[in-house]
Each structure stands twice: as structure tokens, then as C-alpha cells.
Amino acid sequence: MSDAPRISAPPPLVALAAWIIPGGGYWMIRQRNRGTGIGVSIIVLFLLGILIGGIRVVEAPPAISQILQRPWFIGQFLVGPLGLIAAWISNGLGTTAAYADVISHSRINEIGTLYTAVAGMLNLMAIIDASFRAGQGKEV
Amino acid sequence: MIATLAEHAPLFIRPLPVWNVWWLLMLPLCIGVAIVYKSIKCHSMKSVPREATVIAIWIILGMVAAAAALAGLMHFIDR
């Protein structure tokens, strides 16, 4: 029998925690170093994307049925509430007179979008891995 | 409220003026991807810094090689 400590967190709860706070799923299964490294990296990548391209690179579609018009938002959504808050601020700024025209173009917009979407895709990997480890019931 | 917020954090509202060095922005992305990938894959977190450094270098070398190959192809097509 393995000496690894038993971990009782249910995988769906671990997945939810990993979505709410990147790296949070690993904290639930007591792999705190792993969670901190992954969480900090994902959040830094997301913030770097916003820093490079401006917050308007996070673009939520007007309706969920129009998600395929802005598929990169799927990646941005996967970062968690941070992505949703950024989208809310971005959409709010788009309606103000002072900031409606403040938007990046060309390569800078693409690079900012890439950073934010890749951060979300990496968080999806972390969500799946943390849930899998929780499902194993021991440290893997 | 959002406009007030924007006035206090202009750095994240306006895009960075990095048009001339956009290719340098590849480096933080490669490093971030390498750290997350190796943090997931490695059994022990102690080996992550070394493994992530190695794979980040490989990713950058691979992208440089791909860029050189594409540039060569375009040069050949344009001739």
C-alpha cells in the first residue's frame, strides 16, 4: 500500500477551485508549490496580455450564441473570474466616450489576445490535471 | 465608475508602444508556457526550474528555426 497521503477533495470541486483561482485546485489537494507556480504563471501571462494590448483585447461576445465570432474569448473565460472581470471592464470602457476609441490594432492586438487566450488554455490543462490527481485519491 | 478606474490604471487600458520590438514579446510567452507545462508534467517541483529552462530554450530555438525556414521559403517563392 502506498505511503502517499490520502486526499479527500472531490474532483468537480477541485476543478471549480482551479477555475476560480488559477492553481487553486492544487492547493486543495495539498500540492501548494505546484499550485503557486502554475497560478502565478497563468495570472502573469494574462496580465501581460492586457498590459501589451490594453484591456480591450478581452472581448466578450454580445450573446453566448455569438461566441464563434470571438472564439478567443473561450480561452479568456477559462482564466476564471479574472477573465470575466476584465471582459466586464472592457465592455464598459467600449461604451464610454473617452475610451471607446482606445483599442490596439494589428500585431499588438493579436499578441495581447494570444497571451490572454493562451493563459486560459494553460489553466484548462491545470484544471484537468488537478482534477485527475484528486480523482486518483493520492499524490501522483 | 469604469472610466474612473481607467484613469487610475492607464497602463492596462492603453496598448504598450512596443511596435518595433514586438518579436521580443515571444520570450515571456514561451517562458510562461514552459513553466506551466513542466509544473504539470514533473513529479517533483524541484526539477521544474531546470526542465522549464531547457524546454523554453527549445521552444525559442524551434520558433527561430521555423521563422528562418518560412523566410527562406518566401525568398525562394519571390525569386
# chains A, B, ... in the order shown; residues from 1 in each chain; ligands from 1

call {"tool": "interface_residues", "arguments": {"of": "chain B", "to": "chain A", "cutoff": "10 Å", "atoms": "only C-alpha atoms", "output": "PyMOL selection string"}}
result
chain B and resi 1-3+5-6+10-19+22-23+25-26+28-29+31-46+48

call {"tool": "write_last_selection", "arguments": {"atoms": "C-alpha atoms", "output": "compact mmCIF listing (two decimals), in the first residue's frame"}}
result
# COMPACT_ATOMS: atom_id res chain seq x y z
CA MET B 1 -17.18 54.02 -12.33
CA ILE B 2 -15.24 52.13 -15.02
CA ALA B 3 -13.91 55.38 -16.52
CA LEU B 5 -10.99 53.01 -12.74
CA ALA B 6 -9.37 53.50 -16.15
CA PRO B 10 -3.90 53.78 -17.62
CA LEU B 11 -1.12 51.24 -18.10
CA PHE B 12 -3.60 48.41 -18.58
CA ILE B 13 -6.02 50.47 -20.68
CA ARG B 14 -3.81 51.76 -23.48
CA PRO B 15 -1.66 49.35 -25.52
CA LEU B 16 2.09 49.40 -24.89
CA PRO B 17 4.14 51.21 -27.56
CA VAL B 18 6.18 48.12 -28.45
CA TRP B 19 5.58 48.08 -32.22
CA TRP B 22 7.05 43.03 -30.97
CA TRP B 23 9.17 39.93 -31.69
CA LEU B 25 7.24 39.55 -26.75
CA MET B 26 7.62 35.90 -27.78
CA PRO B 28 7.73 35.81 -21.85
CA LEU B 29 5.04 33.68 -23.52
CA ILE B 31 8.80 31.01 -20.62
CA GLY B 32 5.26 31.03 -19.17
CA VAL B 33 4.15 28.07 -21.28
CA ALA B 34 7.33 26.16 -20.32
CA ILE B 35 6.84 26.79 -16.58
CA VAL B 36 3.17 25.72 -16.57
CA TYR B 37 3.79 22.69 -18.79
CA LYS B 38 6.71 21.43 -16.72
CA SER B 39 4.92 22.19 -13.42
CA ILE B 40 2.14 19.87 -14.59
CA LYS B 41 4.42 17.20 -16.02
CA CYS B 42 7.26 16.93 -13.47
CA HIS B 43 6.76 14.64 -10.49
CA SER B 44 8.82 16.90 -8.22
CA MET B 45 8.66 20.70 -8.29
CA LYS B 46 12.38 20.80 -7.51
CA VAL B 48 10.84 22.36 -12.66

call {"tool": "select_by_dssp", "arguments": {"residues": "chain B", "states": "alpha helix (DSSP H)", "output": "PyMOL selection string"}}
result
chain B and resi 2-8+26-41+48-78

call {"tool": "residues_around", "arguments": {"residues": "Pro10 in chain A", "least_positions_apart": "3", "cutoff": "8 Å", "atoms": "only C-alpha atoms", "output": "list in words"}}
result
Leu13, Val14, Ala134 and Gly135 of chain A

call {"tool": "write_last_selection", "arguments": {"atoms": "C-alpha atoms", "output": "mmCIF file, in the first residue's frame"}}
result
data_model
loop_
_atom_site.group_PDB
_atom_site.id
_atom_site.type_symbol
_atom_site.label_atom_id
_atom_site.label_comp_id
_atom_site.auth_asym_id
_atom_site.auth_seq_id
_atom_site.Cartn_x
_atom_site.Cartn_y
_atom_site.Cartn_z
ATOM 1 C CA LEU A 13 -14.822 20.798 -6.528
ATOM 2 C CA VAL A 14 -11.110 20.795 -7.338
ATOM 3 C CA ALA A 134 -7.786 14.485 -6.962
ATOM 4 C CA GLY A 135 -9.576 11.550 -8.590
#

call {"tool": "atom_distance", "arguments": {"atom1": "CA of Arg133 in chain A", "atom2": "CA of Ala56 in chain B"}}
result
25.3 Å

call {"tool": "atom_distance", "arguments": {"atom1": "CA of Gly62 in chain B", "atom2": "CA of Cys30 in chain B"}}
result
10.9 Å

call {"tool": "atom_distance", "arguments": {"atom1": "CA of Ile20 in chain A", "atom2": "CA of Ser8 in chain A"}}
result
19.4 Å
